[in-house]
Structures are given as C-alpha cells and as structure tokens.
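What follows is a single structure, written as structure tokens, with notes after it.
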Amino acid sequence: MENFLDASRHKRRVLVVDDEMINRELLGAILENDYEVTKAENGQQAWELLNSEGTAFSLILLDLLMPVMDGFELMKLCFADETLKSIPVIVMTSEKSAEVKSIRMGAADFIAKPYDMPDVILARCQRIIEFNEDKTIIRYTEKDTLTGLYTKQYFDEYLRRLKADIDSEMDAVEIRIDRFHLIKELFGREEAHCLLRETAALIRRDLTASRGIACRTEDNSLLVYCEHRNDYEPLITGFQEELAQSSEIRGVNLRAGIHKYEDDSISLENRFERAKAACDRVCGQYETCTAFYSSELHRRSMYHQKLIGDMQDAIDNHDFMVYYQPKYQIQGDKPVLTSAEALIRWKHKELGMLSPGVFIPLFEENGLIRLIDQFVWREAAAQVQRWKEQYNISLPVSVNVSRIDIFDPELVQKLSALLTKYQLEPHELMLEITESAYADNADALIAAVEALRDRGFRIEMDDFGSGYSSLNMLTSIPIDVLKMDMKFVRNMFRDEKSMGLVRLVLDIAAFLEVPVVAEGVEEQRQLDKLKQMGCEIVQGYYFSPPLPADKMEALLRQNAV
Ligand code: C2E
Ligand code: CA
Ligand code: CA
C-alpha cells in the first residue's frame with residue numbers, strides 16, 4: 001500500500017524572514033512556483049508564526065540582521081524547541097563570518113546576498129528540504145512489527161508532510177475490535193494479537209485497491225486514511241464475516257468511526273479525534289457497526305468526556321451517593337423486608353441528578369467502573385454496620401459487581417477486607433453479577449465466583465434471562481440467588497407466552513434449588529401472580545423506589561416494630 005498518496009500534489013511551505021521588503025518580494029518571486037511562501041518582517045513575527053503553525057513549515061529562509069529580533073536570536077529559540085528544531089534553516093547573509101557562526105549554531109546552509117541566481121537558490125532549498133525529510137522519516141520506525149501496518153509516528157509524519165488535512169476526498173477512519181481489552185483478558189494476548197493482525201491484513205488488502213494508508217495506535221485501534229466512501233457498513237461487516245471464519249474467537253465485532261472532510265480549519269489530528277468519537281459511539285452497539293461523525297455526536301462525546309473528567313473529583317467531593325432499594329420476602333402472610341440493593345446515584349455539581357444508565361455504561365467501557373464499584377461496596381458495608389450498631393438490625397445489602405471486577409486478582413481480598421473493617425458476616429454483603437458476564441467467559445467467572453463463595457459470599461445472578469446462558473452452563477455455575485430480568489415482569493400479562501417465560505425462569509431456579517428475586521414489580525396484580533407462582537422475593541416500585549440512606553433507615557425502623 002505504499003505510495004498511494006501522491007506527494008507531489010501538495011506544495012511545501014517555506015517561511016521567509018527578512019526586514020527588507022524588496023528581499024522578501026524577490027525571494028517570494030523565486031520560490032512561489034514551487035512552494036507556498038509565508039513572509040515575516042523580523043524574528044519576533046516569525047517566532048509567533050512558528051508557534052501557531054509550527055511544523056507546517058518545511059524550511060525557514062532567515063536574514064540575520066533585523067530589528068526587534070534578529071536571526072541569531074530566532075535560531076536560538078527554534079533550536080531549543082523540541083518540535084521546531086526539526087525545521088531546517090537557511091541563513092541569508094553577505095558576511096563570511098556570520099556564515100560560519102550560523103552553521104555552528106545549527107543552520108543547514110546559507111545563501112549569499114544579493115539574490116542574483118534564482119536557480120541556485122531554488123536548488124538549495126529543494127535539496128535541504130529533501131535531505132531533512134529523509135532524515136526525519138528515517139528517525140521513525142516505519143512498520144509496526146505486530147500488524148505490518150505503519151507505526152503511528154510514521155503515519156502522522158507522512159500525513160503531515162502531505163498536508164493531508166486539506167485533502168477533501170479523503171476520510172479519517174478509526175477501526176476498533178469491540179471490547180478488545182476483554183478479549184485480551186479472556187483469550188490471552190496471543191489470540192488477541194492474532195485477531196489484530198488478521199484485521200490489519202484485511203484493511204491492507206482493501207487499501208491496495210484505492211489510495212490510502214493505515215497504522216496501529218498504542219491502544220490497538222487501527223487508523224485508516226483513505227478515499228471517501230458513502231457507506232462503510234458493507235466493508236466492516238464483510239471484514240467481520242471473514243474474521244469469524246478465520247478466528248477461534250466467536251462473536252468478534254469490528255466497529256468503525258468515520259470523519260468525512262468538513263473544511264480546512266480542522267486539523268488532521270482533530271479529524272482522527274472525531275473519528276474516534278464516532279467509533280466510541282458504535283462500540284458496544286449491536287444494530288450498526290459504523291458511524292459518521294456528526295455535530296450531535298460531537299455534543300454527546302463532549303458530554304461523555306466531561307463526565308469522565310469529573311469522576312474522580314466527584315468521588316472525592318462525595319457527589320456520588322448510594323441509594324438503597326428494599327427487597328421483600330413475599331411468601332408469608334404479609335411481605336417482610338429482608339434485604340436491599342445498593343444503587344449508585346450521581347448528584348452532579350452542574351448537571352444535577354444523573355441516572356446510572358447514563359454514566360455506568362461509559363465507565364464500564366474504560367474500566368473506571370471499578371472505582372465506582374469499590375466506592376459503593378465500601379459505603380454499603382459501612383452502612384450495614386451502622387444499622388447493626390444503631391438498631392441492632394442486620395439488613396443484608398447486595399452490591400453490583402461489574403464484569404471487569406471479576407478479573408481483578410485481588411477481588412476476594414478487597415471484599416474480605418471490607419468484612420473485617422466493618423465487622424460483617426459475608427452473607428451481609430451479597431454480590432450481584434450480571435448474567436451476561438457469565439456468558440462472556442464462563443471459565444474465568446466460575447473460578448472467581450467459586451473463590452468468593454469459598455469465602456462465604458452469596459452470589460446473585462443479576463438480569464437473568466437477558467444473557468444467553470445455556471442450561472448446561474447453568475448447572476455448572478455456583479450461584480445462590482437468581483434475579484429475573486425486569487422485562488419478564490414488565491411483559492408478564494401481555495400474553496400466555498410471556499407468562500410462560502416467567503414460569504420457566506421459576507422452574508429453572510427450582511431445578512437449581514435457588515430462590516428467585518423478581519425485579520421491577522410495580523403493580524398489585526404482578527405481585528399477586530408472582531406470589532401464587534412461588535416466587536420468594538420481590539423488588540420494585542410497588543414497594544419502594546431506591547431510597548437515600550436516611551429514608552431507608554426510616555423504613556427499617558418502622559419495619560422493626
Ligand atoms: P440493575 O442492577 O438491574 O438495577 C435495577 C434497576 O432497576 C435500578 O435502576 C432500579 O432503580 C430500577 N428499578 C427498581 N425497581 C423498578 C421498577 O419497579 N420499575 C422500573 N422501571 N425500574 C425499577 P438504576 O438505579 O437506574 O440502575 C440501573 C443499572 O445501573 C443497574 O441495573 C445496574 O446495572 C447499574 N448500576 C447501578 N448502580 C451500580 C453500581 O453501584 N455498580 C455497578 N456496576 N452498576 C450499577
Ligand atoms: Ca443489580
Ligand atoms: Ca437487574
């Protein structure tokens with residue numbers, strides 16, 4: 001896929017710095033056929049230009065004697081600057097002594113005044129630019145050893161050279177293997193890398209048919225700069241199908257975010273940031289695997305960035321709060337409060353109360369959820385202890401354990417430490433793990449759950465019926481409680497079949513010899529029917545929404561009398 005971009009279509013930029021107008025005009029006239037020329041009247045002006053446009057310049061032609069800031073001073077500044085020092089400087093002077101001094105300082109060459117040999121000047125500029133570009137490009141390792149695509153550094157440098165950001169026919173694309181970090185944890189580095197390599201090979205094959213260049217980034221995204229197309233869906237789903245055939249790993253999802261050219265004001269770096277935002281948007285989704293960047297998406301991703309940025313402060317400032325939703329045992333004469341579920345709430349300083357539905361999926365994506373979870377576990381454990389001490393009531397509270405927590409080798413230890421610190425029995429801090437986590441990787445999860453149960457923790461399988469556990473798997477999974485997904489209760493009176501599903505879940509639980517918690521119970525008739533069918537525990541708005549600790553406490557006291 002080398003050389004698909006035609007470098008000669010773009011003019012390099014040259015900065016001419018001279019205080020005499022006649023010289024600036026003269027050099028401009030000599031160069032402007034081959035280069036895009038920018039002019040500055042003194043070192044100060046040039047310095048400002050360099051700081052705003054920096055590496056866009058391929059060469060500086062510099063007069064030495066100038067008012068405000070002279071050429072020596074500017075060279076000193078440039079060569080001390082990490083990014084600017086790579087731009088070659090040709091000094092223009094008529095004094096021999098100054099030539100030597102400037103070469104010593106780092107100038108690449110000099111041109112003697114007056115400018116009476118335009119061809120010589122042009123040839124020198126060209127030679128110095130070429131020489132310098134060869135030199136910098138060699139500094140970067142060209143190919144990524146894992147994928148055979150370019151390295152990110154080379155990719156950036158190459159596109160910068162081409163001033164690719166102003167090429168309106170090209171798309172900036174980010175392609176990602178959905179939940180790659182999980183795949184790596186579940187199947188190991190080797191398998192994950194193999195998958196990346198195969199994806200890269202598909203991209204390379206596709207690019208050979210058109211103009212384009214691609215690289216792998218540090219966090220294993222694949223960036224592609226290629227000719228615009230209106231629809232990427234067939235391409236990506238096609239890749240996906242091929243991967244499914246060649247890889248051992250089932251259900252690999254590729255996701256792509258695309259930034260279509262808008263205007264010259266958006267730098268290439270920015271274009272790829274936007275492609276990433278579009279890619280973030282489709283990751284974890286099933287309906288579609290590609291998204292073009294749009295202004296709506298921009299607002300959304302800014303919002304997400306903000307939430308991610310605000311999280312740590314919010315933990316420190318106690319803007320996160322734990323609410324408690326009671327669970328009732330319903331098989332007796334009257335319902336009895338038996339336990340509660342801890343649910344996080346975020347009272348955001350500017351945005352007000354945020355629902356976990358907004359921020360939990362976001363934090364799951366980048367692993368920050370672990371911090372939230374540990375905060376909730378700690379709060380909940382402390383709360384259970386307080387209730388025990390103040391009212392002599394033990395109300396077990398269940399906390400949510402995210403998929404990613406399962407892979408924390410210190411999980412058992414962390415939770416055990418809480419029991420010790422708050423003097424709790426393991427059954428007083430129950431753990432809810434969503435069913436889909438089991439389906440993701442049964443073996444690792446079963447091992448983790450067994451370790452937790454050995455320590456005495458009770459495990460509730462959350463959202464049961466929303467994942468795809470096989471009956472076979474269910475019999476080998478050690479669980480203590482089954483939490484039926486809310487949608488079963490919501491739909492139970494819709495038709496016979498839906499009622500049949502509720503019965504099926506209750507039967508499965510009976511077979512596994514574990515009790516069922518029905519979530520999302522809002523109506524009397526749902527409660528009555530569930531009770532009649534033998535469901536033991538109910539949680540839902542019918543009894544109470546999730547409550548702040550003090551309200552939950554009131555309920556607890558009232559229940560105790
Ligand atoms: P979930 O674990 O399935 O929690 C039950 C959700 O159902 C809660 O929503 C609860 O407020 C809501 N709910 C309870 N009763 C009813 C009802 O009668 N009708 C309806 N329509 N909804 C009811 P919430 O608090 O918004 O939490 C949403 C999800 O966010 C939770 O689903 C859980 O997956 C996640 N989440 C909440 N807190 C945490 C946490 O501390 N850690 C983790 N990892 N996830 C959390
Ligand atoms: Ca839950
Ligand atoms: Ca649930």
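We name chains A, B, ... following the order of the structure tokens; residues begin at 1 in each chain, and ligands are numbered from 1 as shown.
By only C-alpha atoms, and with residues fewer than 4 positions from A:Asp550 along its chain excluded, the set lying at most 12 Å from it is Met321, Val322, Tyr323, Tyr324, Gln383, Arg386, Trp387, Pro546, Ala554, Leu555, Leu556 and Arg557 of chain A.
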Only C-alpha atoms, please: the residues just picked out, written as a PDB file, in the first residue's frame.
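Saved as out.pdb:
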```pdb
ATOM      1  CA  MET A 321     -24.330   8.679  46.786  1.00  0.00           C
ATOM      2  CA  VAL A 322     -25.574   5.220  47.448  1.00  0.00           C
ATOM      3  CA  TYR A 323     -29.313   4.605  47.412  1.00  0.00           C
ATOM      4  CA  TYR A 324     -30.965   1.503  48.769  1.00  0.00           C
ATOM      5  CA  GLN A 383     -23.997   1.446  56.229  1.00  0.00           C
ATOM      6  CA  ARG A 386     -24.142   1.442  61.265  1.00  0.00           C
ATOM      7  CA  TRP A 387     -27.617  -0.064  61.111  1.00  0.00           C
ATOM      8  CA  PRO A 546     -34.327   3.199  45.620  1.00  0.00           C
ATOM      9  CA  ALA A 554     -36.873   5.134  58.458  1.00  0.00           C
ATOM     10  CA  LEU A 555     -38.333   2.175  56.610  1.00  0.00           C
ATOM     11  CA  LEU A 556     -36.081  -0.154  58.535  1.00  0.00           C
ATOM     12  CA  ARG A 557     -37.151   1.237  61.918  1.00  0.00           C
TER      13      ARG A 557
END
```
Counting only C-alpha atoms and all ligand atoms, what residues are within 9 Å of ligand 1, given as a compact mmCIF listing (two decimals) with N, CA, C and O atoms, in the first residue's frame?
```txt
# COMPACT_ATOMS: atom_id res chain seq x y z
N VAL A 322 -25.03 6.56 47.60
CA VAL A 322 -25.57 5.22 47.45
C VAL A 322 -27.03 5.24 47.92
O VAL A 322 -27.32 5.73 49.01
N TYR A 323 -27.91 4.76 47.06
CA TYR A 323 -29.31 4.61 47.41
C TYR A 323 -29.58 3.13 47.69
O TYR A 323 -28.81 2.27 47.26
N GLN A 325 -32.56 0.10 47.63
CA GLN A 325 -33.91 -0.32 47.26
C GLN A 325 -34.24 -1.62 48.00
O GLN A 325 -33.52 -2.62 47.86
N GLU A 341 -30.86 -3.55 47.79
CA GLU A 341 -29.80 -3.46 46.79
C GLU A 341 -29.22 -2.05 46.83
O GLU A 341 -29.96 -1.07 46.86
N ALA A 342 -27.90 -1.96 46.82
CA ALA A 342 -27.23 -0.66 46.79
C ALA A 342 -27.12 -0.21 45.34
O ALA A 342 -26.62 -0.95 44.49
N LEU A 343 -27.60 1.01 45.06
CA LEU A 343 -27.55 1.54 43.69
C LEU A 343 -26.93 2.94 43.71
O LEU A 343 -27.28 3.77 44.55
N ILE A 344 -26.03 3.16 42.81
CA ILE A 344 -25.30 4.42 42.81
C ILE A 344 -26.14 5.56 42.25
O ILE A 344 -26.94 5.36 41.35
N ARG A 345 -25.93 6.75 42.79
CA ARG A 345 -26.53 7.98 42.24
C ARG A 345 -25.45 9.02 42.15
O ARG A 345 -24.57 9.08 43.01
N SER A 355 -28.69 9.65 36.17
CA SER A 355 -29.06 8.25 36.33
C SER A 355 -27.87 7.36 35.99
O SER A 355 -27.09 7.67 35.09
N PRO A 356 -27.71 6.26 36.70
CA PRO A 356 -26.59 5.36 36.38
C PRO A 356 -26.65 4.86 34.94
O PRO A 356 -25.62 4.52 34.37
N GLY A 357 -27.85 4.82 34.37
CA GLY A 357 -27.98 4.42 32.97
C GLY A 357 -27.13 5.29 32.05
O GLY A 357 -26.71 4.88 30.98
N VAL A 358 -26.85 6.55 32.48
CA VAL A 358 -26.06 7.47 31.67
C VAL A 358 -24.56 7.20 31.84
O VAL A 358 -23.82 7.15 30.87
N PHE A 359 -24.13 7.04 33.09
CA PHE A 359 -22.67 7.00 33.28
C PHE A 359 -22.08 5.60 33.47
O PHE A 359 -20.91 5.39 33.20
N ILE A 360 -22.90 4.65 33.93
CA ILE A 360 -22.34 3.31 34.16
C ILE A 360 -21.79 2.68 32.86
O ILE A 360 -20.63 2.23 32.84
N PRO A 361 -22.55 2.68 31.76
CA PRO A 361 -22.00 2.08 30.53
C PRO A 361 -20.72 2.78 30.08
O PRO A 361 -19.78 2.15 29.58
N PHE A 363 -18.46 4.24 32.03
CA PHE A 363 -17.34 3.86 32.89
C PHE A 363 -16.99 2.38 32.73
O PHE A 363 -15.88 1.98 33.04
N GLU A 364 -17.95 1.60 32.28
CA GLU A 364 -17.66 0.19 32.02
C GLU A 364 -16.69 0.08 30.86
O GLU A 364 -15.78 -0.74 30.84
N ILE A 369 -15.29 2.04 36.08
CA ILE A 369 -16.37 1.47 36.88
C ILE A 369 -15.84 0.81 38.15
O ILE A 369 -16.51 0.77 39.17
N ARG A 370 -14.59 0.34 38.08
CA ARG A 370 -14.03 -0.31 39.27
C ARG A 370 -13.98 0.63 40.45
O ARG A 370 -14.20 0.23 41.59
N ILE A 372 -15.96 3.22 40.97
CA ILE A 372 -17.33 3.41 41.43
C ILE A 372 -17.76 2.22 42.29
O ILE A 372 -18.29 2.38 43.39
N ASP A 373 -17.51 1.03 41.77
CA ASP A 373 -17.94 -0.16 42.49
C ASP A 373 -17.31 -0.23 43.88
O ASP A 373 -17.99 -0.48 44.87
N GLN A 374 -16.00 0.02 43.93
CA GLN A 374 -15.35 -0.07 45.23
C GLN A 374 -15.88 0.96 46.20
O GLN A 374 -16.02 0.71 47.40
N PHE A 375 -16.23 2.13 45.65
CA PHE A 375 -16.84 3.15 46.48
C PHE A 375 -18.17 2.65 47.04
O PHE A 375 -18.45 2.78 48.24
N VAL A 376 -18.99 2.06 46.18
CA VAL A 376 -20.31 1.58 46.61
C VAL A 376 -20.16 0.44 47.63
O VAL A 376 -20.86 0.41 48.65
N TRP A 377 -19.23 -0.47 47.36
CA TRP A 377 -19.04 -1.58 48.31
C TRP A 377 -18.70 -1.05 49.70
O TRP A 377 -19.24 -1.50 50.70
N VAL A 399 -24.57 -5.65 46.53
CA VAL A 399 -23.89 -4.65 45.70
C VAL A 399 -23.64 -5.24 44.32
O VAL A 399 -23.56 -6.46 44.16
N ASN A 400 -23.53 -4.37 43.34
CA ASN A 400 -23.27 -4.83 41.98
C ASN A 400 -21.77 -5.02 41.75
O ASN A 400 -20.96 -4.19 42.14
N VAL A 401 -21.43 -6.12 41.14
CA VAL A 401 -20.04 -6.42 40.80
C VAL A 401 -19.96 -6.42 39.27
O VAL A 401 -20.68 -7.18 38.62
N SER A 402 -19.14 -5.56 38.71
CA SER A 402 -19.07 -5.46 37.25
C SER A 402 -18.22 -6.57 36.68
O SER A 402 -17.36 -7.12 37.35
N ARG A 403 -18.47 -6.79 35.42
CA ARG A 403 -17.69 -7.74 34.64
C ARG A 403 -16.18 -7.59 34.86
O ARG A 403 -15.47 -8.55 35.08
N ASP A 405 -14.54 -6.27 37.30
CA ASP A 405 -14.08 -6.58 38.67
C ASP A 405 -13.67 -8.04 38.79
O ASP A 405 -12.79 -8.39 39.58
N GLU A 432 -24.10 -9.04 43.38
CA GLU A 432 -24.89 -9.26 42.16
C GLU A 432 -23.97 -9.21 40.95
O GLU A 432 -23.23 -8.25 40.76
N ILE A 433 -24.01 -10.26 40.16
CA ILE A 433 -23.20 -10.31 38.94
C ILE A 433 -24.14 -10.55 37.76
O ILE A 433 -24.95 -11.47 37.80
N THR A 434 -24.04 -9.70 36.76
CA THR A 434 -24.99 -9.80 35.65
C THR A 434 -24.78 -11.09 34.85
O THR A 434 -23.65 -11.56 34.68
N ASP A 462 -27.62 -11.59 38.33
CA ASP A 462 -28.48 -10.44 38.01
C ASP A 462 -28.98 -10.51 36.56
O ASP A 462 -28.32 -11.13 35.72
N ASP A 463 -30.10 -9.89 36.31
CA ASP A 463 -30.64 -9.77 34.95
C ASP A 463 -30.79 -11.13 34.27
O ASP A 463 -30.59 -11.25 33.06
N LYS A 483 -31.78 -13.54 39.95
CA LYS A 483 -32.59 -12.32 39.81
C LYS A 483 -33.14 -12.28 38.40
O LYS A 483 -32.39 -12.09 37.44
N ASP A 485 -34.66 -11.05 35.10
CA ASP A 485 -34.58 -9.76 34.43
C ASP A 485 -35.94 -9.05 34.46
O ASP A 485 -37.00 -9.67 34.34
N MET A 486 -35.88 -7.73 34.58
CA MET A 486 -37.08 -6.92 34.73
C MET A 486 -38.10 -7.09 33.61
O MET A 486 -39.29 -6.94 33.81
N ARG A 490 -42.33 -7.06 33.45
CA ARG A 490 -42.98 -6.00 32.68
C ARG A 490 -43.97 -6.59 31.66
O ARG A 490 -45.03 -6.05 31.42
N GLU A 519 -37.49 -8.53 39.86
CA GLU A 519 -37.23 -7.09 39.87
C GLU A 519 -38.29 -6.35 39.08
O GLU A 519 -38.93 -6.93 38.21
N GLY A 520 -38.45 -5.05 39.36
CA GLY A 520 -39.32 -4.21 38.55
C GLY A 520 -40.81 -4.48 38.78
O GLY A 520 -41.62 -4.26 37.88
N VAL A 521 -41.15 -4.95 39.97
CA VAL A 521 -42.57 -5.18 40.27
C VAL A 521 -43.22 -3.84 40.63
O VAL A 521 -42.80 -3.18 41.57
N GLU A 522 -44.20 -3.46 39.84
CA GLU A 522 -44.83 -2.15 40.04
C GLU A 522 -46.30 -2.26 40.42
O GLU A 522 -46.87 -1.32 40.98
N GLU A 523 -46.95 -3.38 40.07
CA GLU A 523 -48.40 -3.46 40.26
C GLU A 523 -48.78 -4.59 41.21
O GLU A 523 -48.10 -5.60 41.29
N GLN A 539 -38.62 -7.06 44.33
CA GLN A 539 -38.01 -5.72 44.44
C GLN A 539 -38.67 -4.86 43.38
O GLN A 539 -38.84 -5.32 42.25
N GLY A 540 -39.08 -3.65 43.73
CA GLY A 540 -39.69 -2.82 42.69
C GLY A 540 -40.45 -1.65 43.26
O GLY A 540 -40.63 -1.53 44.47
N TYR A 541 -40.87 -0.77 42.36
CA TYR A 541 -41.55 0.45 42.77
C TYR A 541 -42.84 0.16 43.55
O TYR A 541 -43.33 1.01 44.27
N TYR A 542 -43.42 -1.03 43.36
CA TYR A 542 -44.64 -1.36 44.10
C TYR A 542 -44.37 -1.16 45.59
O TYR A 542 -45.18 -0.58 46.32
N PHE A 543 -43.24 -1.64 46.05
CA PHE A 543 -42.88 -1.45 47.45
C PHE A 543 -42.17 -0.12 47.66
O PHE A 543 -42.56 0.65 48.51
N SER A 544 -41.16 0.13 46.86
CA SER A 544 -40.39 1.36 47.06
C SER A 544 -39.37 1.57 45.95
O SER A 544 -38.77 0.62 45.48
N PRO A 545 -39.15 2.82 45.57
CA PRO A 545 -38.01 3.10 44.65
C PRO A 545 -36.72 3.03 45.47
O PRO A 545 -36.80 2.92 46.70
N PRO A 546 -35.57 3.10 44.84
CA PRO A 546 -34.33 3.20 45.62
C PRO A 546 -34.37 4.46 46.48
O PRO A 546 -34.83 5.52 46.02
```
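Taking only C-alpha atoms, the non-local environment of A:Arg300 within 10 Å (same-chain residues fewer than 4 positions away omitted) comprises Ala277, Ala278, Arg281, Ser294, Ser295, Glu296, His304, Gln305 and Lys306 of chain A.
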Residues from last step as file, N, CA and C atoms, as a compact mmCIF listing (two decimals), in the first residue's frame:
```
# COMPACT_ATOMS: atom_id res chain seq x y z
N ALA A 277 -14.33 9.55 18.27
CA ALA A 277 -15.60 9.80 18.97
C ALA A 277 -16.74 9.04 18.30
N ALA A 278 -16.71 9.03 16.97
CA ALA A 278 -17.76 8.30 16.23
C ALA A 278 -17.64 6.81 16.51
N ARG A 281 -18.97 5.80 19.83
CA ARG A 281 -20.43 5.80 19.80
C ARG A 281 -20.99 4.43 19.37
N SER A 294 -20.82 13.44 13.58
CA SER A 294 -21.80 14.50 13.31
C SER A 294 -21.78 15.48 14.48
N SER A 295 -22.47 16.60 14.32
CA SER A 295 -22.42 17.59 15.39
C SER A 295 -23.16 17.08 16.63
N GLU A 296 -24.19 16.27 16.41
CA GLU A 296 -24.92 15.70 17.55
C GLU A 296 -23.97 14.81 18.35
N HIS A 304 -19.72 13.12 27.36
CA HIS A 304 -19.08 11.94 27.94
C HIS A 304 -17.70 12.26 28.49
N GLN A 305 -16.94 13.04 27.70
CA GLN A 305 -15.61 13.42 28.15
C GLN A 305 -15.71 14.17 29.47
N LYS A 306 -16.72 15.02 29.55
CA LYS A 306 -16.90 15.81 30.76
C LYS A 306 -17.16 14.90 31.95
```
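Across A:Glu553, A:Ile537, A:Phe272, A:Phe464, the tightest approach to ligand 2 is made by A:Phe464 when counting only C-alpha atoms and all ligand atoms.
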message = For the structure I just gave you, how does DSSP split stretch 8-98 of chain A - specifically, which residues are alpha helix (DSSP H)? Reply as a PyMOL selection string.
response = chain A and resi 21-31+43-53+71-79+96-98
message = Residues within 9 Å of A:Tyr328, please, as a ChimeraX atom specification. Count only C-alpha atoms; anything in the same chain fewer than 6 positions from it doesn't count.
response = /A:335-340,517,536-539,543
May I have the selected residues written with N, CA, C and O atoms, as a short mmCIF file (atom, residue, chain, number, x, y, z; two decimals), in the first residue's frame?
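selection.cif written:
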```cif
data_model
loop_
_atom_site.label_atom_id
_atom_site.label_comp_id
_atom_site.auth_asym_id
_atom_site.auth_seq_id
_atom_site.Cartn_x
_atom_site.Cartn_y
_atom_site.Cartn_z
N PRO A 335 -45.78 -9.16 53.42
CA PRO A 335 -44.41 -9.04 52.92
C PRO A 335 -43.44 -8.60 54.03
O PRO A 335 -43.80 -7.76 54.85
N VAL A 336 -42.25 -9.15 54.01
CA VAL A 336 -41.25 -8.81 55.03
C VAL A 336 -39.99 -8.27 54.35
O VAL A 336 -39.46 -8.89 53.43
N LEU A 337 -39.56 -7.13 54.85
CA LEU A 337 -38.31 -6.54 54.35
C LEU A 337 -37.14 -7.44 54.73
O LEU A 337 -36.91 -7.69 55.91
N THR A 338 -36.41 -7.93 53.72
CA THR A 338 -35.33 -8.87 54.06
C THR A 338 -33.94 -8.37 53.70
O THR A 338 -32.96 -8.78 54.31
N SER A 339 -33.87 -7.55 52.70
CA SER A 339 -32.55 -7.07 52.29
C SER A 339 -32.74 -5.85 51.38
O SER A 339 -33.87 -5.40 51.18
N ALA A 340 -31.65 -5.35 50.84
CA ALA A 340 -31.75 -4.19 49.95
C ALA A 340 -30.65 -4.27 48.91
O ALA A 340 -29.65 -4.98 49.10
N VAL A 517 -35.44 -13.66 42.83
CA VAL A 517 -35.84 -12.28 43.11
C VAL A 517 -36.47 -11.75 41.82
O VAL A 517 -35.84 -11.82 40.77
N GLU A 536 -40.11 -16.06 45.59
CA GLU A 536 -39.88 -15.75 47.00
C GLU A 536 -39.70 -14.26 47.30
O GLU A 536 -40.21 -13.75 48.29
N ILE A 537 -38.92 -13.60 46.45
CA ILE A 537 -38.52 -12.23 46.81
C ILE A 537 -38.85 -11.25 45.69
O ILE A 537 -38.74 -11.59 44.51
N VAL A 538 -39.26 -10.05 46.09
CA VAL A 538 -39.68 -9.05 45.11
C VAL A 538 -39.03 -7.71 45.41
O VAL A 538 -38.89 -7.31 46.56
N GLN A 539 -38.62 -7.06 44.33
CA GLN A 539 -38.01 -5.72 44.44
C GLN A 539 -38.67 -4.86 43.38
O GLN A 539 -38.84 -5.32 42.25
N PHE A 543 -43.24 -1.64 46.05
CA PHE A 543 -42.88 -1.45 47.45
C PHE A 543 -42.17 -0.12 47.66
O PHE A 543 -42.56 0.65 48.51
#
```
request  = For A:Glu185, list every protein, DNA or RNA residue within 12 Å, evaluated using only C-alpha atoms, and leave out those in the same chain fewer than 6 positions away; present the list as a PyMOL selection string.
outcome  = chain A and resi 179+191-193+403-409+440-441+444-445
ask   = Taking the backbone alone, and naming residues the way the document does, which bits of stretch 107-274 of chain A are strand (DSSP E) by DSSP, as a PyMOL selection string?
value = chain A and resi 109-112+150-151+170-177+212-216+222-227+254-260
Store the residues of this selection in a file with C-alpha atoms, as a PDB file, in the first residue's frame.
```pdb
ATOM      1  CA  ASP A 109      23.054  26.055   4.734  1.00  0.00           C
ATOM      2  CA  PHE A 110      23.464  29.672   3.661  1.00  0.00           C
ATOM      3  CA  ILE A 111      22.631  31.741   0.633  1.00  0.00           C
ATOM      4  CA  ALA A 112      24.717  34.765  -0.210  1.00  0.00           C
ATOM      5  CA  TYR A 150       2.734   1.739   9.574  1.00  0.00           C
ATOM      6  CA  THR A 151       3.626   2.909  13.051  1.00  0.00           C
ATOM      7  CA  MET A 170     -10.181  11.522   1.974  1.00  0.00           C
ATOM      8  CA  ASP A 171     -11.848  10.090   5.096  1.00  0.00           C
ATOM      9  CA  ALA A 172     -10.248   9.736   8.512  1.00  0.00           C
ATOM     10  CA  VAL A 173     -11.326   6.381   9.906  1.00  0.00           C
ATOM     11  CA  GLU A 174     -10.787   4.608  13.220  1.00  0.00           C
ATOM     12  CA  ILE A 175     -11.416   0.874  13.251  1.00  0.00           C
ATOM     13  CA  ARG A 176     -11.518  -0.984  16.543  1.00  0.00           C
ATOM     14  CA  ILE A 177     -12.128  -4.501  17.736  1.00  0.00           C
ATOM     15  CA  GLY A 212      -4.840   5.005   1.495  1.00  0.00           C
ATOM     16  CA  ILE A 213      -2.526   4.498   4.430  1.00  0.00           C
ATOM     17  CA  ALA A 214      -3.081   2.831   7.782  1.00  0.00           C
ATOM     18  CA  CYS A 215      -1.417   2.378  11.156  1.00  0.00           C
ATOM     19  CA  ARG A 216      -1.926   0.848  14.570  1.00  0.00           C
ATOM     20  CA  LEU A 222      -6.375   0.920  13.587  1.00  0.00           C
ATOM     21  CA  LEU A 223      -6.342   4.298  11.890  1.00  0.00           C
ATOM     22  CA  VAL A 224      -7.017   4.498   8.203  1.00  0.00           C
ATOM     23  CA  TYR A 225      -6.757   7.472   5.904  1.00  0.00           C
ATOM     24  CA  CYS A 226      -8.481   6.523   2.686  1.00  0.00           C
ATOM     25  CA  GLU A 227     -10.642   7.663  -0.175  1.00  0.00           C
ATOM     26  CA  LEU A 254     -15.462  -4.635  14.472  1.00  0.00           C
ATOM     27  CA  ARG A 255     -16.512  -1.040  14.856  1.00  0.00           C
ATOM     28  CA  ALA A 256     -15.592   1.947  12.693  1.00  0.00           C
ATOM     29  CA  GLY A 257     -15.959   5.681  13.185  1.00  0.00           C
ATOM     30  CA  ILE A 258     -15.510   7.936  10.198  1.00  0.00           C
ATOM     31  CA  HIS A 259     -14.792  11.607   9.833  1.00  0.00           C
ATOM     32  CA  LYS A 260     -15.683  12.936   6.432  1.00  0.00           C
TER      33      LYS A 260
END
```
ask   = Using only C-alpha atoms, which residues sit within 12 Å of A:Val120 once same-chain residues fewer than 4 positions away are excluded, as a list in words?
value = Ile30, Leu31, Phe110, Ile111, Ala112, Tyr115, Asp116, Arg124, Cys125, Gln126 and Arg127 of chain A
ask   = Within 6 Å of stretch 10-21 of chain A, counting only C-alpha atoms, which residues qualify if same-chain residues fewer than 3 places away don't, as an NGL selection string?
value = :A and (24 or 35-42 or 57-63 or 66)
